[in-house]
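K.L.:
Have a look at this one before I ask anything.
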Amino acid sequence: MTGDDNWGIFEDAALGTVSWDTALGQLAAATGSMRCQLVAFGSEAWSPFNWVTNITDAEMALFDSLDGHNPATNFRLRADHMTNDAMTFEHHYDHARAAIGRSDYIEYCEQTDMPYGCQSMLLNDARGALGLALLRSRRDGRTSDAIRDTFRRAARGARTAARLQIALEQQGSTLIHGAVERLSAACIIFDRAGLVRAITPAAETAMAEFDHLLIVEQRLVVRDQRSAALLDGARATMIDPAAQAQLSVDLRVGSLSGDIVRVDLHRLRRRDWSFGFEPAFMLVFDAESRAALKRRRQLDRFSFTPAETAIAQLLAEGRDRYDIARHRSVTVETLRGQLKIMYAKVGCRREAELVATLHRVALSA
């Protein structure tokens with residue numbers, strides 16, 4: 001292959017008309033290499049990935065178990081210049097091997113037959129880093145000047161394509177943000193890194209009412225430790241394509257034990273070869289639990305006990321005395337005594353007045 005234009009297949013991968021696996025496979029074939037790799041790492045703005053052609057799941061698992069992403073272990077990373085358009089190859093690997101005290105990754109490369117190759121950093125900025133590499137076997141041999149020249153031209157096409165895909169994914173977030181602003185539901189859109197990409201006005205209103213739920217540096221933070229663990233687990237589920245696509249969790253959003261709001265999480269459809277900048281999942285605040293919380297807080301002004309608050313909520317739902325007594329497992333006489341105390345707290349004399357007041361509270365929630 002000659003000329004940069006012949007590597008338009010990377011642009012096709014960015015546009016989604018072919019997979020990145022296909023584009024990487026073409027580069028491996030053009031250079032007579034066993035494998036080709038595209039890897040992302042760095043800041044949390046990137047969705048870390050390690051795409052390698054012609055490799056087994058067991059070999060990838062072994063790479064992870066050896067801490068293969070660590071420059072102290074991986075001679076390829078230790079040798080990398082970490083600057084865009086610079087190329088690292090066997091000459092640099094030889095020096096890096098000699099400087100590394102551990103042999104784990106060296107033995108791994110011998111076991112998986114990829115001791116040779118070359119690499120280049122496609123992008124390396126505040127967001128993270130994206131690298132392209134040829135992984136060559138002993139039969140493939142060391143890279144030649146001609147192979148490295150082909151790789152250099154392909155890397156230019158891959159770099160342009162990567163920037164294109166990132167721009168498209170970020171544009172998708174922008175478009176969704178505009179659409180989300182017109183939604184009446186209280187929802188928040190996240191990317192694969194768990195960063196907030198869009199929020200509806202209703203969600204902003206809800207967040208203003210919650211004392212223990214806030215957005216800090218594009219992250220949704222819950223002050224309650226148990227709720228924070230639940231939310232972290234839910235986020236992990238949402239970015240795992242093999243896990244369930246929808247789930248619900250209860251989050252404590254205030255200082256009181258009853259300050260609970262249910263949130264529903266929904267995974268959004270994404271491309272198989274995403275860099276992670278596109279929207280990944282949506283969190284929706286359950287309207288019913290929000291209203292219930294607001295009613296409880298409005299009832300606080302009457303200084304009701306927890307038992308009286310429960311009775312007030314049942315009255316607001318239209319339950320009669322006998323139904324409430326059965327629900328509360330008390331006698332009607334006991335309930336009558338509790339209601340008299342509630343009349344005094346609200347400033348009324350009859351049950352009808354109490355119910356009317358509670359209905360006004362419910363309608364304002």
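Here, A, B, ... name the chains of the structure tokens in the order displayed, residue numbers run from 1 inside each chain, and ligands are numbered from 1 in the same displayed order.
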Do a neighbour search on segment 228-241 of chain A at 8 Å with only C-alpha atoms, toss out local chain neighbours closer than 2 positions, and write the hits as a count of residues only.
P.N.:
20
K.L.:
Taking the chain letters and numbering used in this document, name the residues of segment 153-217 of chain A that DSSP puts in alpha helix (DSSP H), as an MDAnalysis selection string.
P.N.:
chainID A and resid 153:180 201:209
K.L.:
Using DSSP secondary structure from the backbone, list all strand (DSSP E or B) positions within segment 87-259 of chain A, as an MDAnalysis selection string.
P.N.:
chainID A and resid 87:89 116:125 128:136 187:191 196:199 213:216 219:222 246:252
K.L.:
Can you work out the spacing between atom CA of Phe285 of chain A and atom CA of Asp272 of chain A in Å, to one decimal?
P.N.:
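Atom CA of Asp272 of chain A lies at a distance of 28.1 Å from atom CA of Phe285 of chain A.
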K.L.:
Which residues, written as a PyMOL selection string, have at least one atom at most 10 Å from segment 9-12 of chain A, with only C-alpha atoms counted and residues fewer than 4 positions away on the same chain left out?
P.N.:
chain A and resi 5+16-24+26-27+154-165
K.L.:
Could you list, as a list in words, every residue within 8 Å of segment 206-211 of chain A, counting only C-alpha atoms and ignoring same-chain residues fewer than 6 positions away?
P.N.:
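Within the cut-off, the hits are Ala186, Val253, Gly254, Ser255 and Arg290 of chain A.
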K.L.:
Take the residues that were just selected and, keeping all heavy atoms, output them as a PDB file, in the first residue's frame.
P.N.:
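Result file is part-v1.pdb:
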```pdb
ATOM      1  N   ALA A 186     -37.447  14.031  35.304  1.00  0.00           N
ATOM      2  CA  ALA A 186     -36.218  14.393  36.016  1.00  0.00           C
ATOM      3  C   ALA A 186     -35.173  13.327  35.734  1.00  0.00           C
ATOM      4  O   ALA A 186     -35.174  12.259  36.347  1.00  0.00           O
ATOM      5  CB  ALA A 186     -36.485  14.491  37.519  1.00  0.00           C
ATOM      6  N   VAL A 253     -31.302  10.736  50.289  1.00  0.00           N
ATOM      7  CA  VAL A 253     -30.930  12.055  49.767  1.00  0.00           C
ATOM      8  C   VAL A 253     -30.963  13.149  50.831  1.00  0.00           C
ATOM      9  O   VAL A 253     -30.734  14.318  50.525  1.00  0.00           O
ATOM     10  CB  VAL A 253     -31.854  12.437  48.592  1.00  0.00           C
ATOM     11  CG1 VAL A 253     -31.684  11.471  47.439  1.00  0.00           C
ATOM     12  CG2 VAL A 253     -33.316  12.501  49.049  1.00  0.00           C
ATOM     13  N   GLY A 254     -31.276  12.771  52.074  1.00  0.00           N
ATOM     14  CA  GLY A 254     -31.322  13.742  53.160  1.00  0.00           C
ATOM     15  C   GLY A 254     -30.788  13.141  54.446  1.00  0.00           C
ATOM     16  O   GLY A 254     -30.374  11.981  54.499  1.00  0.00           O
ATOM     17  N   SER A 255     -30.811  13.914  55.510  1.00  0.00           N
ATOM     18  CA  SER A 255     -30.227  13.479  56.783  1.00  0.00           C
ATOM     19  C   SER A 255     -31.110  12.505  57.552  1.00  0.00           C
ATOM     20  O   SER A 255     -30.619  11.750  58.395  1.00  0.00           O
ATOM     21  CB  SER A 255     -29.942  14.701  57.661  1.00  0.00           C
ATOM     22  OG  SER A 255     -31.136  15.454  57.870  1.00  0.00           O
ATOM     23  N   ARG A 290     -40.361  10.819  44.798  1.00  0.00           N
ATOM     24  CA  ARG A 290     -40.050  12.231  45.020  1.00  0.00           C
ATOM     25  C   ARG A 290     -41.217  12.948  45.685  1.00  0.00           C
ATOM     26  O   ARG A 290     -41.041  13.732  46.620  1.00  0.00           O
ATOM     27  CB  ARG A 290     -39.728  12.918  43.697  1.00  0.00           C
ATOM     28  CG  ARG A 290     -38.338  12.673  43.153  1.00  0.00           C
ATOM     29  CD  ARG A 290     -38.161  13.385  41.842  1.00  0.00           C
ATOM     30  NE  ARG A 290     -38.339  14.818  41.971  1.00  0.00           N
ATOM     31  CZ  ARG A 290     -38.720  15.619  40.983  1.00  0.00           C
ATOM     32  NH1 ARG A 290     -39.007  15.138  39.793  1.00  0.00           N
ATOM     33  NH2 ARG A 290     -38.836  16.911  41.193  1.00  0.00           N
TER      34      ARG A 290
END
```
K.L.:
Mind giving me the straight-line distance from atom CA of Asp104 of chain A to atom CA of Leu130 of chain A in Å, one decimal?
P.N.:
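Computing the Euclidean distance for atom CA of Asp104 of chain A and atom CA of Leu130 of chain A yields 23.9 Å.
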K.L.:
Per residue of segment 91-153 of chain A within 10 Å of segment 48-57 of chain A, which atom pair is closest and at what distance in Å (one decimal), using only C-alpha atoms, listed by chain and increasing number, as JSON lines?
P.N.:
```
{"residue": "A:Thr112", "atom": "CA", "partner": "A:Ile55", "partner_atom": "CA", "distance": 8.7}
{"residue": "A:Gly128", "atom": "CA", "partner": "A:Pro48", "partner_atom": "CA", "distance": 9.1}
{"residue": "A:Ala129", "atom": "CA", "partner": "A:Pro48", "partner_atom": "CA", "distance": 9.3}
{"residue": "A:Leu130", "atom": "CA", "partner": "A:Pro48", "partner_atom": "CA", "distance": 9.2}
{"residue": "A:Gly131", "atom": "CA", "partner": "A:Asn50", "partner_atom": "CA", "distance": 9.6}
{"residue": "A:Leu132", "atom": "CA", "partner": "A:Trp51", "partner_atom": "CA", "distance": 9.7}
{"residue": "A:Ala133", "atom": "CA", "partner": "A:Val52", "partner_atom": "CA", "distance": 9.2}
{"residue": "A:Leu134", "atom": "CA", "partner": "A:Val52", "partner_atom": "CA", "distance": 9.5}
{"residue": "A:Leu135", "atom": "CA", "partner": "A:Val52", "partner_atom": "CA", "distance": 8.9}
```
K.L.:
Those selected residues, please, written with all heavy atoms and delivered as a PDB file, in the first residue's frame.
P.N.:
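What landed in result07.pdb:
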```
ATOM      1  N   THR A 112       2.965 -15.695  24.228  1.00  0.00           N
ATOM      2  CA  THR A 112       1.925 -15.357  23.239  1.00  0.00           C
ATOM      3  C   THR A 112       2.519 -15.012  21.877  1.00  0.00           C
ATOM      4  O   THR A 112       1.786 -14.635  20.964  1.00  0.00           O
ATOM      5  CB  THR A 112       1.090 -14.163  23.752  1.00  0.00           C
ATOM      6  OG1 THR A 112       1.957 -13.069  24.062  1.00  0.00           O
ATOM      7  CG2 THR A 112       0.301 -14.551  24.994  1.00  0.00           C
ATOM      8  N   GLY A 128      -6.616  11.966  28.116  1.00  0.00           N
ATOM      9  CA  GLY A 128      -6.064  10.627  28.191  1.00  0.00           C
ATOM     10  C   GLY A 128      -5.191  10.359  26.984  1.00  0.00           C
ATOM     11  O   GLY A 128      -4.731  11.284  26.311  1.00  0.00           O
ATOM     12  N   ALA A 129      -4.948   9.087  26.711  1.00  0.00           N
ATOM     13  CA  ALA A 129      -4.052   8.723  25.617  1.00  0.00           C
ATOM     14  C   ALA A 129      -4.648   7.589  24.802  1.00  0.00           C
ATOM     15  O   ALA A 129      -5.339   6.714  25.335  1.00  0.00           O
ATOM     16  CB  ALA A 129      -2.693   8.323  26.164  1.00  0.00           C
ATOM     17  N   LEU A 130      -4.354   7.609  23.506  1.00  0.00           N
ATOM     18  CA  LEU A 130      -4.799   6.575  22.582  1.00  0.00           C
ATOM     19  C   LEU A 130      -3.594   6.145  21.759  1.00  0.00           C
ATOM     20  O   LEU A 130      -2.941   6.988  21.118  1.00  0.00           O
ATOM     21  CB  LEU A 130      -5.897   7.113  21.664  1.00  0.00           C
ATOM     22  CG  LEU A 130      -6.510   6.114  20.673  1.00  0.00           C
ATOM     23  CD1 LEU A 130      -7.363   5.092  21.419  1.00  0.00           C
ATOM     24  CD2 LEU A 130      -7.365   6.838  19.640  1.00  0.00           C
ATOM     25  N   GLY A 131      -3.277   4.853  21.804  1.00  0.00           N
ATOM     26  CA  GLY A 131      -2.091   4.365  21.111  1.00  0.00           C
ATOM     27  C   GLY A 131      -2.416   3.282  20.106  1.00  0.00           C
ATOM     28  O   GLY A 131      -3.359   2.499  20.271  1.00  0.00           O
ATOM     29  N   LEU A 132      -1.598   3.212  19.043  1.00  0.00           N
ATOM     30  CA  LEU A 132      -1.716   2.201  17.987  1.00  0.00           C
ATOM     31  C   LEU A 132      -0.417   1.412  17.948  1.00  0.00           C
ATOM     32  O   LEU A 132       0.668   1.991  18.068  1.00  0.00           O
ATOM     33  CB  LEU A 132      -1.965   2.879  16.641  1.00  0.00           C
ATOM     34  CG  LEU A 132      -2.130   1.975  15.416  1.00  0.00           C
ATOM     35  CD1 LEU A 132      -3.465   1.225  15.495  1.00  0.00           C
ATOM     36  CD2 LEU A 132      -2.052   2.796  14.125  1.00  0.00           C
ATOM     37  N   ALA A 133      -0.511   0.089  17.777  1.00  0.00           N
ATOM     38  CA  ALA A 133       0.707  -0.731  17.792  1.00  0.00           C
ATOM     39  C   ALA A 133       0.575  -1.939  16.876  1.00  0.00           C
ATOM     40  O   ALA A 133      -0.519  -2.473  16.670  1.00  0.00           O
ATOM     41  CB  ALA A 133       1.011  -1.197  19.214  1.00  0.00           C
ATOM     42  N   LEU A 134       1.728  -2.368  16.337  1.00  0.00           N
ATOM     43  CA  LEU A 134       1.862  -3.671  15.694  1.00  0.00           C
ATOM     44  C   LEU A 134       2.510  -4.600  16.700  1.00  0.00           C
ATOM     45  O   LEU A 134       3.490  -4.231  17.361  1.00  0.00           O
ATOM     46  CB  LEU A 134       2.744  -3.585  14.450  1.00  0.00           C
ATOM     47  CG  LEU A 134       2.211  -2.800  13.259  1.00  0.00           C
ATOM     48  CD1 LEU A 134       3.248  -2.786  12.137  1.00  0.00           C
ATOM     49  CD2 LEU A 134       0.891  -3.362  12.757  1.00  0.00           C
ATOM     50  N   LEU A 135       1.981  -5.813  16.851  1.00  0.00           N
ATOM     51  CA  LEU A 135       2.530  -6.824  17.747  1.00  0.00           C
ATOM     52  C   LEU A 135       2.962  -7.995  16.864  1.00  0.00           C
ATOM     53  O   LEU A 135       2.119  -8.701  16.304  1.00  0.00           O
ATOM     54  CB  LEU A 135       1.482  -7.256  18.777  1.00  0.00           C
ATOM     55  CG  LEU A 135       0.816  -6.123  19.575  1.00  0.00           C
ATOM     56  CD1 LEU A 135      -0.274  -6.668  20.485  1.00  0.00           C
ATOM     57  CD2 LEU A 135       1.849  -5.348  20.391  1.00  0.00           C
TER      58      LEU A 135
END
```
K.L.:
Would you kindly return, as a ChimeraX atom specification, each protein, DNA or RNA residue with an atom no farther than 12 Å from any atom of Ser303 of chain A, considering only C-alpha atoms and excluding same-chain residues fewer than 6 positions away?
P.N.:
/A:296-297,309,312,341-346
K.L.:
If you keep C-alpha atoms, can you produce a file of those selected residues as a PDB file, in the first residue's frame?
P.N.:
```pdb
ATOM      1  CA  ARG A 296     -43.112  13.913  54.346  1.00  0.00           C
ATOM      2  CA  ARG A 297     -41.020  17.053  54.491  1.00  0.00           C
ATOM      3  CA  THR A 309     -46.819  10.911  59.762  1.00  0.00           C
ATOM      4  CA  ALA A 312     -51.359  11.406  57.783  1.00  0.00           C
ATOM      5  CA  ILE A 341     -53.456  14.812  69.061  1.00  0.00           C
ATOM      6  CA  MET A 342     -52.951  15.427  65.332  1.00  0.00           C
ATOM      7  CA  TYR A 343     -55.955  17.837  65.282  1.00  0.00           C
ATOM      8  CA  ALA A 344     -54.247  19.936  67.939  1.00  0.00           C
ATOM      9  CA  LYS A 345     -50.947  20.008  66.042  1.00  0.00           C
ATOM     10  CA  VAL A 346     -52.596  21.041  62.767  1.00  0.00           C
TER      11      VAL A 346
END
```
K.L.:
Which residues, written as number ranges by chain, have at least one atom at most 7 Å from Tyr93 of chain A, with only C-alpha atoms counted and residues fewer than 2 positions away on the same chain left out?
P.N.:
A: 75-76, 79, 89-91, 95-97
K.L.:
Measure the distance from atom CA of Gln298 of chain A to atom CA of Ala203 of chain A in Å and round it to one decimal.
P.N.:
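A separation of 19.8 Å between them.
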K.L.:
Considering only C-alpha atoms, state which residue in the set A:Arg350, A:Arg262, A:Arg271, A:Arg360 is at the smallest distance from Arg295 of chain A.
P.N.:
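Nearest to Arg295 of chain A: A:Arg360.
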K.L.:
Could you pull the residues within 7 Å of Leu283 of chain A, counting only C-alpha atoms, minus those fewer than 5 positions along the same chain, as a ChimeraX atom specification?
P.N.:
/A:187-189,263-266
K.L.:
Now that the selection is made, can you save its residues with N, CA, C and O atoms as an mmCIF file, in the first residue's frame?
P.N.:
```cif
data_model
loop_
_atom_site.group_PDB
_atom_site.id
_atom_site.type_symbol
_atom_site.label_atom_id
_atom_site.label_comp_id
_atom_site.auth_asym_id
_atom_site.auth_seq_id
_atom_site.Cartn_x
_atom_site.Cartn_y
_atom_site.Cartn_z
ATOM 1 N N CYS A 187 -34.292 13.578 34.770
ATOM 2 C CA CYS A 187 -33.309 12.561 34.411
ATOM 3 C C CYS A 187 -31.942 13.188 34.144
ATOM 4 O O CYS A 187 -31.827 14.374 33.832
ATOM 5 N N ILE A 188 -30.907 12.352 34.278
ATOM 6 C CA ILE A 188 -29.519 12.752 34.071
ATOM 7 C C ILE A 188 -28.889 11.754 33.106
ATOM 8 O O ILE A 188 -29.103 10.540 33.228
ATOM 9 N N ILE A 189 -28.110 12.243 32.145
ATOM 10 C CA ILE A 189 -27.421 11.407 31.172
ATOM 11 C C ILE A 189 -25.949 11.319 31.547
ATOM 12 O O ILE A 189 -25.307 12.327 31.848
ATOM 13 N N VAL A 263 -34.397 5.748 42.212
ATOM 14 C CA VAL A 263 -33.931 6.153 40.887
ATOM 15 C C VAL A 263 -33.901 4.922 39.983
ATOM 16 O O VAL A 263 -33.561 3.820 40.424
ATOM 17 N N ASP A 264 -34.280 5.119 38.737
ATOM 18 C CA ASP A 264 -34.259 4.050 37.732
ATOM 19 C C ASP A 264 -33.129 4.343 36.750
ATOM 20 O O ASP A 264 -33.010 5.466 36.249
ATOM 21 N N LEU A 265 -32.303 3.345 36.470
ATOM 22 C CA LEU A 265 -31.205 3.508 35.533
ATOM 23 C C LEU A 265 -31.468 2.672 34.288
ATOM 24 O O LEU A 265 -31.905 1.512 34.382
ATOM 25 N N HIS A 266 -31.193 3.247 33.131
ATOM 26 C CA HIS A 266 -31.430 2.587 31.851
ATOM 27 C C HIS A 266 -30.179 2.722 30.982
ATOM 28 O O HIS A 266 -29.693 3.836 30.756
#
```
K.L.:
Give the answer as one residue: which of A:Pro115, A:Ile166, A:Ser289, A:Glu110 has the shortest atom-to-atom distance to Arg252 of chain A, using only C-alpha atoms?
P.N.:
A:Ser289
